[in-house]
file data.cif (mmCIF, C-alpha atoms and all ligand atoms)
data_final
loop_
_atom_site.label_atom_id
_atom_site.label_comp_id
_atom_site.auth_asym_id
_atom_site.auth_seq_id
_atom_site.Cartn_x
_atom_site.Cartn_y
_atom_site.Cartn_z
CA MET A 13 -14.82 2.24 -36.10
CA PRO A 14 -15.33 5.10 -33.65
CA VAL A 15 -16.76 4.11 -30.27
CA LYS A 16 -20.32 5.41 -29.88
CA LEU A 17 -20.89 7.61 -26.84
CA LYS A 18 -23.48 6.31 -24.38
CA THR A 19 -26.13 8.99 -24.54
CA VAL A 20 -29.24 9.43 -22.40
CA SER A 21 -32.15 11.57 -23.59
CA VAL A 22 -34.93 12.56 -21.15
CA ASP A 23 -38.14 14.30 -22.11
CA ASP A 24 -41.74 13.70 -21.02
CA ASN A 25 -42.79 14.35 -24.62
CA GLU A 26 -42.27 11.28 -26.84
CA VAL A 27 -42.23 13.40 -30.00
CA ASN A 28 -39.29 15.41 -28.70
CA LEU A 29 -37.46 12.20 -27.81
CA MET A 30 -37.92 10.93 -31.35
CA LEU A 31 -36.76 14.25 -32.76
CA VAL A 32 -33.52 14.08 -30.75
CA GLU A 33 -32.98 10.48 -31.89
CA THR A 34 -33.54 11.37 -35.53
CA MET A 35 -31.25 14.40 -35.45
CA SER A 36 -28.53 12.37 -33.78
CA LYS A 37 -28.35 9.86 -36.63
CA ASN A 38 -24.85 9.68 -38.11
CA LEU A 39 -23.34 11.27 -34.99
CA ASP A 40 -21.17 8.99 -32.82
CA VAL A 41 -23.86 8.62 -30.18
CA ASP A 42 -25.89 5.67 -29.00
CA ILE A 43 -29.11 7.06 -27.55
CA THR A 44 -31.30 5.54 -24.84
CA SER A 45 -34.48 7.57 -24.39
CA PHE A 46 -36.56 8.00 -21.24
CA SER A 47 -39.85 9.80 -20.75
CA ASN A 48 -39.44 9.46 -16.98
CA PRO A 49 -36.50 11.30 -15.41
CA LEU A 50 -36.37 8.93 -12.41
CA ALA A 51 -35.92 5.93 -14.71
CA ALA A 52 -33.20 7.88 -16.57
CA LEU A 53 -31.38 8.65 -13.28
CA LYS A 54 -31.45 4.98 -12.33
CA HIS A 55 -30.04 4.04 -15.73
CA ILE A 56 -27.23 6.62 -15.53
CA GLU A 57 -26.35 5.56 -11.99
CA SER A 58 -26.02 1.91 -12.96
CA SER A 59 -24.64 2.11 -16.51
CA GLY A 60 -23.04 5.57 -16.67
CA ALA A 61 -23.38 8.03 -19.56
CA ASP A 62 -21.13 10.02 -21.87
CA LEU A 63 -23.72 12.61 -22.92
CA VAL A 64 -27.08 13.64 -21.48
CA PHE A 65 -29.97 15.53 -23.11
CA VAL A 66 -32.58 16.82 -20.71
CA ASP A 67 -35.82 18.73 -21.08
CA TYR A 68 -36.43 21.36 -18.40
CA MET A 69 -40.18 21.06 -17.85
CA MET A 70 -41.15 17.55 -16.80
CA PRO A 71 -44.00 16.54 -14.45
CA GLU A 72 -41.89 14.19 -12.26
CA MET A 73 -38.84 16.38 -11.87
CA HIS A 74 -37.62 19.77 -13.05
CA GLY A 75 -34.67 19.62 -15.49
CA VAL A 76 -32.48 21.65 -13.11
CA ASP A 77 -33.07 19.16 -10.27
CA PHE A 78 -32.36 16.32 -12.67
CA ILE A 79 -29.00 17.90 -13.57
CA LYS A 80 -28.13 18.30 -9.87
CA ARG A 81 -28.87 14.61 -9.26
CA VAL A 82 -26.76 13.51 -12.26
CA ARG A 83 -23.88 15.71 -11.16
CA ALA A 84 -23.78 13.92 -7.81
CA PHE A 85 -22.33 10.81 -9.45
CA CYS A 86 -21.22 12.06 -12.90
CA PRO A 87 -19.21 15.21 -12.20
CA ASP A 88 -17.83 15.67 -15.72
CA VAL A 89 -20.31 14.24 -18.25
CA PRO A 90 -21.55 16.94 -20.70
CA ILE A 91 -25.25 17.73 -20.12
CA ILE A 92 -27.27 19.52 -22.78
CA MET A 93 -30.47 21.18 -21.63
CA ILE A 94 -33.22 21.65 -24.16
CA THR A 95 -35.25 24.75 -23.32
CA ALA A 96 -38.44 25.95 -24.84
CA VAL A 97 -38.09 29.55 -23.76
CA ALA A 98 -35.27 31.00 -25.82
CA ASP A 99 -34.60 34.03 -23.65
CA ASP A 100 -35.28 32.79 -20.09
CA ASN A 101 -31.95 33.82 -18.64
CA ALA A 102 -32.86 33.04 -15.03
CA LEU A 103 -33.59 29.41 -15.95
CA LYS A 104 -30.35 29.13 -17.90
CA LEU A 105 -28.39 30.58 -15.02
CA SER A 106 -29.82 28.13 -12.51
CA ALA A 107 -29.17 25.27 -14.97
CA ILE A 108 -25.54 26.37 -15.37
CA GLU A 109 -25.18 26.54 -11.58
CA ALA A 110 -26.60 23.01 -11.34
CA GLY A 111 -24.02 21.83 -13.90
CA ALA A 112 -25.51 22.15 -17.40
CA THR A 113 -22.82 22.28 -20.09
CA GLU A 114 -24.81 23.49 -23.11
CA PHE A 115 -28.29 24.67 -24.19
CA LEU A 116 -30.43 24.03 -27.23
CA ASN A 117 -33.63 25.90 -27.96
CA LYS A 118 -36.89 24.45 -29.12
CA PRO A 119 -37.82 24.22 -31.88
CA LEU A 120 -34.60 22.39 -32.57
CA ASN A 121 -32.64 23.45 -35.59
CA PRO A 122 -31.00 20.35 -37.13
CA ALA A 123 -27.78 22.11 -38.22
CA GLU A 124 -27.29 23.80 -34.85
CA PHE A 125 -28.18 20.58 -33.05
CA ARG A 126 -25.55 18.61 -34.96
CA ALA A 127 -22.87 21.27 -34.49
CA ARG A 128 -23.40 21.56 -30.72
CA VAL A 129 -23.71 17.84 -30.14
CA ALA A 130 -20.55 17.22 -32.18
CA ASN A 131 -18.77 19.75 -29.92
CA MET A 132 -20.00 18.03 -26.76
CA ALA A 133 -19.02 14.64 -28.18
CA SER A 134 -15.44 15.85 -28.83
CA LEU A 135 -15.28 17.24 -25.30
CA ARG A 136 -16.39 13.88 -23.89
CA LYS A 137 -13.92 11.94 -26.05
CA ALA A 138 -11.09 14.18 -24.84
CA GLN A 139 -12.19 13.56 -21.22
CA LEU A 140 -12.24 9.80 -21.78
CA MET A 141 -8.81 9.87 -23.43
CA LEU A 142 -7.37 11.82 -20.48
CA LYS A 143 -8.88 9.34 -18.03
CA ASP A 144 -7.38 6.43 -19.97
CA ARG A 145 -4.03 8.15 -20.03
CA ALA A 146 -4.18 8.85 -16.28
CA LEU A 147 -4.95 5.18 -15.61
CA LEU A 148 -2.10 4.09 -17.86
CA LEU A 149 0.33 6.43 -16.11
CA GLU A 150 -0.84 5.26 -12.70
CA ASP A 151 -0.17 1.71 -13.80
CA GLU A 152 3.31 2.65 -15.05
CA VAL A 153 4.13 4.40 -11.76
CA ASP A 154 2.96 1.33 -9.79
CA LYS A 155 5.19 -0.89 -11.89
CA ALA A 156 8.21 1.42 -11.45
CA VAL A 157 7.66 1.57 -7.66
CA ARG A 158 7.47 -2.24 -7.51
CA ILE A 159 10.74 -2.55 -9.44
CA ILE A 160 12.49 -0.05 -7.14
CA ARG A 161 11.19 -1.86 -4.05
CA ASP A 162 12.33 -5.24 -5.39
CA ARG A 163 15.79 -3.82 -6.06
CA GLU A 164 15.96 -2.35 -2.56
CA HIS A 165 15.00 -5.72 -1.08
CA GLU A 166 17.64 -7.40 -3.22
CA ALA A 167 20.32 -4.93 -2.10
CA LEU A 168 19.29 -5.49 1.54
CA SER A 169 19.62 -9.24 1.26
CA VAL A 170 23.07 -8.88 -0.35
CA LEU A 171 24.07 -6.64 2.56
CA GLY A 172 22.70 -9.20 5.04
CA ARG A 173 24.68 -11.96 3.35
CA ALA A 174 27.84 -9.83 3.34
CA ALA A 175 27.40 -9.39 7.09
CA GLU A 176 27.37 -13.13 7.72
CA TYR A 177 30.21 -13.86 5.29
CA LYS A 178 32.85 -14.41 7.95
CA ASP A 179 30.42 -15.10 10.73
CA PRO A 180 29.96 -18.73 11.76
CA GLU A 181 26.19 -18.03 11.80
CA THR A 182 24.56 -19.17 8.58
CA GLY A 183 22.27 -17.65 5.98
CA ALA A 184 19.42 -19.84 7.19
CA HIS A 185 19.83 -18.31 10.68
CA ILE A 186 19.51 -14.85 9.15
CA SER A 187 16.31 -15.68 7.30
CA ARG A 188 14.75 -17.50 10.27
CA VAL A 189 15.43 -14.47 12.50
CA ALA A 190 13.71 -12.31 9.87
CA HIS A 191 10.68 -14.63 9.81
CA TYR A 192 10.41 -14.98 13.61
CA SER A 193 10.70 -11.20 13.96
CA ARG A 194 7.94 -10.60 11.43
CA LEU A 195 5.72 -13.20 13.11
CA ILE A 196 6.13 -11.52 16.52
CA THR A 197 5.51 -8.07 15.03
CA GLU A 198 2.32 -9.32 13.38
CA LYS A 199 1.05 -11.03 16.55
CA LEU A 200 1.75 -7.88 18.56
CA GLY A 201 -0.75 -6.19 16.23
CA GLU A 202 1.77 -3.86 14.62
CA SER A 203 1.08 -2.38 11.17
CA GLU A 204 1.73 -4.09 7.85
CA GLU A 205 4.46 -1.49 7.25
CA SER A 206 6.23 -2.42 10.51
CA ARG A 207 6.11 -6.12 9.65
CA ASP A 208 7.67 -5.45 6.26
CA LEU A 209 10.26 -3.14 7.81
CA ILE A 210 11.44 -5.60 10.46
CA PHE A 211 11.48 -8.48 7.97
CA TYR A 212 14.01 -6.73 5.75
CA ALA A 213 15.92 -4.95 8.52
CA ALA A 214 16.40 -7.85 10.99
CA PRO A 215 19.02 -9.59 8.75
CA LEU A 216 21.28 -6.58 9.36
CA HIS A 217 21.44 -7.13 13.14
CA ASP A 218 25.07 -8.36 13.09
CA ILE A 219 26.36 -6.27 10.18
CA GLY A 220 28.80 -4.59 12.60
CA LYS A 221 30.72 -7.88 12.82
CA ILE A 222 32.37 -6.84 9.53
CA GLY A 223 34.39 -4.48 11.73
CA ILE A 224 35.50 -7.14 14.26
CA PRO A 225 38.95 -8.74 13.71
CA ASP A 226 38.86 -12.28 12.30
CA SER A 227 40.99 -13.52 15.19
CA ILE A 228 38.09 -12.76 17.54
CA LEU A 229 35.20 -13.46 15.20
CA THR A 230 36.32 -16.94 14.20
CA LYS A 231 38.21 -17.86 17.36
CA ASN A 232 37.91 -21.52 18.30
CA GLY A 233 37.17 -21.48 22.00
CA PRO A 234 35.97 -18.96 24.56
CA LEU A 235 36.83 -15.25 24.22
CA THR A 236 38.92 -13.47 26.84
CA GLU A 237 37.27 -10.59 28.68
CA GLU A 238 39.12 -8.13 26.51
CA GLU A 239 38.14 -9.93 23.30
CA PHE A 240 34.52 -10.00 24.43
CA GLU A 241 34.60 -6.22 25.01
CA ILE A 242 35.74 -5.82 21.39
CA MET A 243 33.07 -8.27 20.20
CA LYS A 244 30.39 -6.20 21.96
CA THR A 245 31.25 -3.21 19.76
CA HIS A 246 29.63 -4.92 16.76
CA THR A 247 26.39 -3.29 17.98
CA ILE A 248 27.75 0.26 17.83
CA LYS A 249 29.70 -0.41 14.62
CA GLY A 250 26.57 -1.74 12.90
CA CYS A 251 24.58 1.28 14.00
CA GLU A 252 27.31 3.63 12.75
CA MET A 253 27.33 1.94 9.36
CA LEU A 254 23.60 2.34 8.81
CA LYS A 255 22.41 5.31 10.83
CA ASP A 256 22.84 8.05 8.21
CA ALA A 257 21.05 6.14 5.45
CA ARG A 258 17.82 7.54 4.07
CA SER A 259 16.26 4.13 3.45
CA HIS A 260 13.68 3.24 6.10
CA TYR A 261 14.98 -0.32 6.07
CA LEU A 262 18.56 0.75 6.76
CA LYS A 263 17.44 3.14 9.49
CA ALA A 264 15.49 0.31 11.15
CA GLY A 265 18.54 -1.91 10.64
CA SER A 266 20.68 0.61 12.50
CA VAL A 267 18.26 0.61 15.47
CA ILE A 268 18.22 -3.20 15.53
CA ALA A 269 22.01 -3.48 15.21
CA LEU A 270 22.47 -1.17 18.20
CA SER A 271 19.83 -2.67 20.47
CA HIS A 272 19.57 -6.43 19.77
CA HIS A 273 21.88 -7.33 22.71
CA GLU A 274 20.10 -5.17 25.26
CA ARG A 275 18.18 -7.17 27.87
CA PHE A 276 14.79 -6.27 29.29
CA ASP A 277 16.15 -6.23 32.88
CA GLY A 278 18.93 -3.79 31.95
CA THR A 279 21.86 -6.25 32.04
CA GLY A 280 22.53 -6.23 28.28
CA TYR A 281 24.92 -4.21 26.12
CA PRO A 282 26.04 -1.75 24.81
CA TYR A 283 24.09 0.68 27.06
CA GLY A 284 22.31 -1.53 29.60
CA LEU A 285 18.93 -0.07 28.58
CA LYS A 286 15.87 -1.32 30.46
CA GLY A 287 12.31 -2.27 29.42
CA ALA A 288 10.58 0.06 27.02
CA ASP A 289 13.75 2.20 26.75
CA ILE A 290 14.97 -0.53 24.41
CA PRO A 291 13.45 0.08 20.96
CA LEU A 292 10.63 -2.38 20.13
CA PHE A 293 12.44 -3.77 17.07
CA GLY A 294 15.53 -4.42 19.22
CA ARG A 295 13.44 -6.28 21.83
CA ILE A 296 11.81 -8.39 19.11
CA VAL A 297 15.02 -9.30 17.28
CA ALA A 298 16.74 -10.05 20.62
CA LEU A 299 14.29 -12.88 21.25
CA ALA A 300 14.25 -14.15 17.65
CA ASP A 301 18.08 -14.13 17.53
CA VAL A 302 18.64 -15.95 20.83
CA PHE A 303 15.90 -18.49 20.15
CA ASP A 304 17.37 -19.34 16.78
CA ALA A 305 20.96 -19.39 18.06
CA VAL A 306 20.19 -22.01 20.72
CA MET A 307 18.22 -24.04 18.17
CA SER A 308 21.21 -24.03 15.77
CA LYS A 309 24.30 -26.21 15.66
CA ARG A 310 27.55 -24.38 16.36
CA PRO A 311 31.13 -25.70 16.31
CA TYR A 312 31.01 -25.70 20.10
CA LYS A 313 27.46 -26.96 20.70
CA GLU A 314 24.66 -29.19 19.45
CA PRO A 315 21.24 -27.69 18.59
CA TRP A 316 18.77 -27.62 21.46
CA PRO A 317 15.44 -29.42 21.09
CA MET A 318 12.52 -27.04 20.53
CA GLU A 319 10.98 -27.70 23.97
CA LYS A 320 14.19 -26.71 25.76
CA ALA A 321 14.51 -23.53 23.66
CA LEU A 322 10.89 -22.57 24.42
CA GLU A 323 11.53 -23.20 28.12
CA LEU A 324 14.45 -20.77 27.98
CA ILE A 325 12.15 -18.12 26.47
CA TYR A 326 9.64 -18.75 29.28
CA GLU A 327 12.29 -18.62 32.03
CA GLN A 328 13.76 -15.42 30.61
CA ARG A 329 10.48 -13.50 30.25
CA GLY A 330 10.97 -10.22 32.09
CA LEU A 331 14.73 -10.93 32.43
CA HIS A 332 16.38 -11.19 29.03
CA PHE A 333 13.14 -10.75 27.08
CA ASP A 334 10.18 -8.38 27.06
CA PRO A 335 7.43 -10.47 28.75
CA ASP A 336 4.77 -9.42 26.19
CA ILE A 337 7.01 -10.48 23.32
CA ALA A 338 7.85 -13.77 25.05
CA ASP A 339 4.12 -14.45 25.60
CA VAL A 340 3.24 -13.74 21.99
CA PHE A 341 6.04 -16.03 20.84
CA LEU A 342 5.00 -18.86 23.19
CA LYS A 343 1.37 -18.51 22.09
CA ASN A 344 2.26 -19.10 18.46
CA THR A 345 4.57 -22.11 18.60
CA ASP A 346 2.84 -23.80 15.63
CA GLU A 347 3.98 -21.00 13.36
CA VAL A 348 7.40 -20.95 15.06
CA ARG A 349 7.80 -24.67 14.32
CA LYS A 350 6.76 -24.11 10.71
CA ILE A 351 9.38 -21.38 10.21
CA HIS A 352 12.03 -23.61 11.80
CA ARG A 353 11.07 -26.45 9.44
CA ASP A 354 10.74 -24.38 6.26
CA TYR A 355 14.02 -22.47 6.62
CA SER A 356 16.41 -25.13 7.86
CA ASP A 357 20.08 -25.09 6.84
FE FE B 401 24.74 -9.65 17.55
FE FE B 402 22.23 -13.55 14.88
#

call {"tool": "encode", "arguments": {"input": "data.cif", "output": "structure tokens"}}
result
Amino acid sequence: MPVKLKTVSVDDNEVNLMLVETMSKNLDVDITSFSNPLAALKHIESSGADLVFVDYMMPEMHGVDFIKRVRAFCPDVPIIMITAVADDNALKLSAIEAGATEFLNKPLNPAEFRARVANMASLRKAQLMLKDRALLLEDEVDKAVRIIRDREHEALSVLGRAAEYKDPETGAHISRVAHYSRLITEKLGESEESRDLIFYAAPLHDIGKIGIPDSILTKNGPLTEEEFEIMKTHTIKGCEMLKDARSHYLKAGSVIALSHHERFDGTGYPYGLKGADIPLFGRIVALADVFDAVMSKRPYKEPWPMEKALELIYEQRGLHFDPDIADVFLKNTDEVRKIHRDYSD
């Protein structure tokens, strides 16, 4: 069964309203009639309309003004103006300028009425179909974008896991660093986009370790000075691996890989950058990484208790760590504890 078009008919003359209703029988329209244009406007505003018939001479409001008001919230609905003066071109012109779609002359001729209304009804149905199609396409595009984003996130986590494959640091460390980094970014008041970016990019901080010889990476015991110099290059190697990528996540990963061992006071590596010269994401991941490393068990050390790790963050504010980032972290220890609990090895 065809869907009936919601149609509004406005005329101060009840006889004319009835005439329009009678002539519309057997057309796919469902007419609501109003003798008061203000009541009709209210109805259209709240319930919408697919077709509108309007008289031009009404005591409360001129038909042209009525059309202007309807157009303000219904830019595309077909409006048919019923005029009594067949050859008043000035009126028709102003009605067209206001947004009238079609005219019918009184006295109404049933055959002409049906033909014109059928035309307007087809126009409206085509508009509605296009709208439906646009919505459907929008939905499809949204779905496709979500799938692509999920795949990118999946690829990033595989890359993060590959980076830790030979590293004594564990997968749980990687995901805690991601969570701590996102928490800090959020509490610093950074955008939703930045939080998402750092969450997926932080796991790449040590990806450059892929390029460090196993003899150094998995050495049991302290590194010689020369070995440590080689170890330090994991920052530059990681940056090199990621820096030409087009993905925002990989670009952020390259920045983090390069700068996560810089220290706020300028004593870090590889470049000894100071303060705000160190990229924000690098300063954030530096704290998250160190905090989680001291809280984790390593072959050469037991995990620190939380209080001792938090004390280290406090002592190192302004030295190793950006003081603002340290403060934000220390202010949100409940959430820090929760991350530590929820993502344990
Ligand atoms: Fe590192
Ligand atoms: Fe790490």

call {"tool": "residues_near_ligand", "arguments": {"input": "data.cif", "ligand": "ligand FE 402 (chain B)", "cutoff": "9 Å", "atoms": "only C-alpha atoms and all ligand atoms", "output": "count of residues only"}}
result
17

call {"tool": "residues_near_point", "arguments": {"input": "data.cif", "point": "(-38.9, 11.5, -15.5)", "cutoff": "6 Å", "atoms": "only C-alpha atoms", "output": "PyMOL selection string"}}
result
chain A and resi 47-50+72

call {"tool": "closest_residue", "arguments": {"input": "data.cif", "among": "A:Tyr261, A:His191, A:Asp23, A:Asp336", "to": "Leu292 (chain A)", "atoms": "all atoms listed in the file"}}
result
A:Asp336

call {"tool": "closest_atom_pairs", "arguments": {"input": "data.cif", "of": "chain A", "to": "ligand FE 401 (chain B)", "cutoff": "8 Å", "atoms": "only C-alpha atoms and all ligand atoms", "output": "JSON lines"}}
result
{"residue": "A:His217", "atom": "CA", "partner": "B:FE401", "partner_atom": "FE", "distance": 6.1}
{"residue": "A:Asp218", "atom": "CA", "partner": "B:FE401", "partner_atom": "FE", "distance": 4.7}
{"residue": "A:Lys221", "atom": "CA", "partner": "B:FE401", "partner_atom": "FE", "distance": 7.8}
{"residue": "A:Lys244", "atom": "CA", "partner": "B:FE401", "partner_atom": "FE", "distance": 8.0}
{"residue": "A:His246", "atom": "CA", "partner": "B:FE401", "partner_atom": "FE", "distance": 6.8}
{"residue": "A:Thr247", "atom": "CA", "partner": "B:FE401", "partner_atom": "FE", "distance": 6.6}
{"residue": "A:Ala269", "atom": "CA", "partner": "B:FE401", "partner_atom": "FE", "distance": 7.1}
{"residue": "A:His272", "atom": "CA", "partner": "B:FE401", "partner_atom": "FE", "distance": 6.5}
{"residue": "A:His273", "atom": "CA", "partner": "B:FE401", "partner_atom": "FE", "distance": 6.3}

call {"tool": "axis_aligned_box", "arguments": {"input": "data.cif", "around": "region 212-224 of chain A", "padding_each_side": "8 Å", "output": "AutoDock Vina command-line options"}}
result
--center_x 24.8 --center_y -7.0 --center_z 10.0 --size_x 37.5 --size_y 21.1 --size_z 24.5

call {"tool": "residues_around", "arguments": {"input": "data.cif", "residues": "region 192-194 of chain A", "least_positions_apart": "2", "cutoff": "12 Å", "atoms": "all atoms listed in the file", "output": "VMD selection string"}}
result
chain A and resid 185 to 190 196 to 215 217 268 272 292 to 304 337 to 338 340 to 342 344 to 352 354 to 355

call {"tool": "write_last_selection", "arguments": {"input": "data.cif", "atoms": "C-alpha atoms", "output": "JSON list (two decimals), in the coordinates of the input"}}
result
[["chain", "number", "residue", "atom", "x", "y", "z"],
["A", 185, "HIS", "CA", 19.83, -18.31, 10.68],
["A", 186, "ILE", "CA", 19.51, -14.85, 9.15],
["A", 187, "SER", "CA", 16.31, -15.68, 7.30],
["A", 188, "ARG", "CA", 14.75, -17.50, 10.27],
["A", 189, "VAL", "CA", 15.43, -14.47, 12.50],
["A", 190, "ALA", "CA", 13.71, -12.31, 9.87],
["A", 196, "ILE", "CA", 6.13, -11.52, 16.52],
["A", 197, "THR", "CA", 5.51, -8.07, 15.03],
["A", 198, "GLU", "CA", 2.32, -9.32, 13.38],
["A", 199, "LYS", "CA", 1.05, -11.03, 16.55],
["A", 200, "LEU", "CA", 1.75, -7.88, 18.56],
["A", 201, "GLY", "CA", -0.75, -6.19, 16.23],
["A", 202, "GLU", "CA", 1.77, -3.86, 14.62],
["A", 203, "SER", "CA", 1.08, -2.38, 11.17],
["A", 204, "GLU", "CA", 1.73, -4.09, 7.85],
["A", 205, "GLU", "CA", 4.46, -1.49, 7.25],
["A", 206, "SER", "CA", 6.23, -2.42, 10.51],
["A", 207, "ARG", "CA", 6.11, -6.12, 9.65],
["A", 208, "ASP", "CA", 7.67, -5.45, 6.26],
["A", 209, "LEU", "CA", 10.26, -3.14, 7.81],
["A", 210, "ILE", "CA", 11.44, -5.60, 10.46],
["A", 211, "PHE", "CA", 11.48, -8.48, 7.97],
["A", 212, "TYR", "CA", 14.01, -6.73, 5.75],
["A", 213, "ALA", "CA", 15.92, -4.95, 8.52],
["A", 214, "ALA", "CA", 16.40, -7.85, 10.99],
["A", 215, "PRO", "CA", 19.02, -9.59, 8.75],
["A", 217, "HIS", "CA", 21.44, -7.13, 13.14],
["A", 268, "ILE", "CA", 18.22, -3.20, 15.53],
["A", 272, "HIS", "CA", 19.57, -6.43, 19.77],
["A", 292, "LEU", "CA", 10.63, -2.38, 20.13],
["A", 293, "PHE", "CA", 12.44, -3.77, 17.07],
["A", 294, "GLY", "CA", 15.53, -4.42, 19.22],
["A", 295, "ARG", "CA", 13.44, -6.28, 21.83],
["A", 296, "ILE", "CA", 11.81, -8.39, 19.11],
["A", 297, "VAL", "CA", 15.02, -9.30, 17.28],
["A", 298, "ALA", "CA", 16.74, -10.05, 20.62],
["A", 299, "LEU", "CA", 14.29, -12.88, 21.25],
["A", 300, "ALA", "CA", 14.25, -14.15, 17.65],
["A", 301, "ASP", "CA", 18.08, -14.13, 17.53],
["A", 302, "VAL", "CA", 18.64, -15.95, 20.83],
["A", 303, "PHE", "CA", 15.90, -18.49, 20.15],
["A", 304, "ASP", "CA", 17.37, -19.34, 16.78],
["A", 337, "ILE", "CA", 7.01, -10.48, 23.32],
["A", 338, "ALA", "CA", 7.85, -13.77, 25.05],
["A", 340, "VAL", "CA", 3.24, -13.74, 21.99],
["A", 341, "PHE", "CA", 6.04, -16.03, 20.84],
["A", 342, "LEU", "CA", 5.00, -18.86, 23.19],
["A", 344, "ASN", "CA", 2.26, -19.10, 18.46],
["A", 345, "THR", "CA", 4.57, -22.11, 18.60],
["A", 346, "ASP", "CA", 2.84, -23.80, 15.63],
["A", 347, "GLU", "CA", 3.98, -21.00, 13.36],
["A", 348, "VAL", "CA", 7.40, -20.95, 15.06],
["A", 349, "ARG", "CA", 7.80, -24.67, 14.32],
["A", 350, "LYS", "CA", 6.76, -24.11, 10.71],
["A", 351, "ILE", "CA", 9.38, -21.38, 10.21],
["A", 352, "HIS", "CA", 12.03, -23.61, 11.80],
["A", 354, "ASP", "CA", 10.74, -24.38, 6.26],
["A", 355, "TYR", "CA", 14.02, -22.47, 6.62]]

call {"tool": "atom_distance", "arguments": {"input": "data.cif", "atom1": "CA of Lys118 (chain A)", "atom2": "CA of Met30 (chain A)"}}
result
13.7 Å

call {"tool": "residues_around", "arguments": {"input": "data.cif", "residues": "region 249-254 of chain A", "least_positions_apart": "5", "cutoff": "7 Å", "atoms": "only C-alpha atoms", "output": "tab-separated table (two decimals) with C-alpha atoms, keeping the file's coordinate frame"}}
result
chain	number	residue	atom	x	y	z
A	218	ASP	CA	25.07	-8.36	13.09
A	219	ILE	CA	26.36	-6.27	10.18
A	220	GLY	CA	28.80	-4.59	12.60
A	223	GLY	CA	34.39	-4.48	11.73
A	262	LEU	CA	18.56	0.75	6.76
A	263	LYS	CA	17.44	3.14	9.49
A	265	GLY	CA	18.54	-1.91	10.64
A	266	SER	CA	20.68	0.61	12.50
A	267	VAL	CA	18.26	0.61	15.47
A	269	ALA	CA	22.01	-3.48	15.21
A	270	LEU	CA	22.47	-1.17	18.20

call {"tool": "build_atoms", "arguments": {"input": "data.cif", "residues": "region 218-232 of chain A", "atoms": "N, CA and C atoms", "output": "PDB file, in the coordinates of the input"}}
result
ATOM      1  N   ASP A 218      23.652  -8.157  12.762  1.00  0.00           N
ATOM      2  CA  ASP A 218      25.070  -8.360  13.090  1.00  0.00           C
ATOM      3  C   ASP A 218      26.012  -7.776  12.063  1.00  0.00           C
ATOM      4  N   ILE A 219      25.522  -6.813  11.266  1.00  0.00           N
ATOM      5  CA  ILE A 219      26.360  -6.270  10.180  1.00  0.00           C
ATOM      6  C   ILE A 219      27.658  -5.662  10.737  1.00  0.00           C
ATOM      7  N   GLY A 220      27.610  -5.191  11.977  1.00  0.00           N
ATOM      8  CA  GLY A 220      28.800  -4.590  12.600  1.00  0.00           C
ATOM      9  C   GLY A 220      29.938  -5.578  12.787  1.00  0.00           C
ATOM     10  N   LYS A 221      29.648  -6.882  12.672  1.00  0.00           N
ATOM     11  CA  LYS A 221      30.720  -7.880  12.820  1.00  0.00           C
ATOM     12  C   LYS A 221      31.756  -7.769  11.712  1.00  0.00           C
ATOM     13  N   ILE A 222      31.387  -7.099  10.606  1.00  0.00           N
ATOM     14  CA  ILE A 222      32.370  -6.840   9.530  1.00  0.00           C
ATOM     15  C   ILE A 222      33.573  -6.106  10.124  1.00  0.00           C
ATOM     16  N   GLY A 223      33.322  -5.291  11.137  1.00  0.00           N
ATOM     17  CA  GLY A 223      34.390  -4.480  11.730  1.00  0.00           C
ATOM     18  C   GLY A 223      35.113  -5.164  12.885  1.00  0.00           C
ATOM     19  N   ILE A 224      34.832  -6.421  13.160  1.00  0.00           N
ATOM     20  CA  ILE A 224      35.500  -7.140  14.260  1.00  0.00           C
ATOM     21  C   ILE A 224      36.628  -8.000  13.678  1.00  0.00           C
ATOM     22  N   PRO A 225      37.829  -7.957  14.268  1.00  0.00           N
ATOM     23  CA  PRO A 225      38.950  -8.740  13.710  1.00  0.00           C
ATOM     24  C   PRO A 225      38.603 -10.237  13.609  1.00  0.00           C
ATOM     25  N   ASP A 226      39.116 -10.846  12.526  1.00  0.00           N
ATOM     26  CA  ASP A 226      38.860 -12.280  12.300  1.00  0.00           C
ATOM     27  C   ASP A 226      39.304 -13.137  13.466  1.00  0.00           C
ATOM     28  N   SER A 227      40.433 -12.717  14.097  1.00  0.00           N
ATOM     29  CA  SER A 227      40.990 -13.520  15.190  1.00  0.00           C
ATOM     30  C   SER A 227      39.963 -13.691  16.324  1.00  0.00           C
ATOM     31  N   ILE A 228      39.123 -12.682  16.493  1.00  0.00           N
ATOM     32  CA  ILE A 228      38.090 -12.760  17.540  1.00  0.00           C
ATOM     33  C   ILE A 228      36.825 -13.422  16.985  1.00  0.00           C
ATOM     34  N   LEU A 229      36.464 -12.997  15.800  1.00  0.00           N
ATOM     35  CA  LEU A 229      35.200 -13.460  15.200  1.00  0.00           C
ATOM     36  C   LEU A 229      35.188 -14.971  14.991  1.00  0.00           C
ATOM     37  N   THR A 230      36.306 -15.513  14.536  1.00  0.00           N
ATOM     38  CA  THR A 230      36.320 -16.940  14.200  1.00  0.00           C
ATOM     39  C   THR A 230      37.151 -17.759  15.192  1.00  0.00           C
ATOM     40  N   LYS A 231      37.384 -17.173  16.360  1.00  0.00           N
ATOM     41  CA  LYS A 231      38.210 -17.860  17.360  1.00  0.00           C
ATOM     42  C   LYS A 231      37.560 -19.182  17.804  1.00  0.00           C
ATOM     43  N   ASN A 232      38.387 -20.222  17.836  1.00  0.00           N
ATOM     44  CA  ASN A 232      37.910 -21.520  18.300  1.00  0.00           C
ATOM     45  C   ASN A 232      38.093 -21.567  19.806  1.00  0.00           C
TER      46      ASN A 232
END
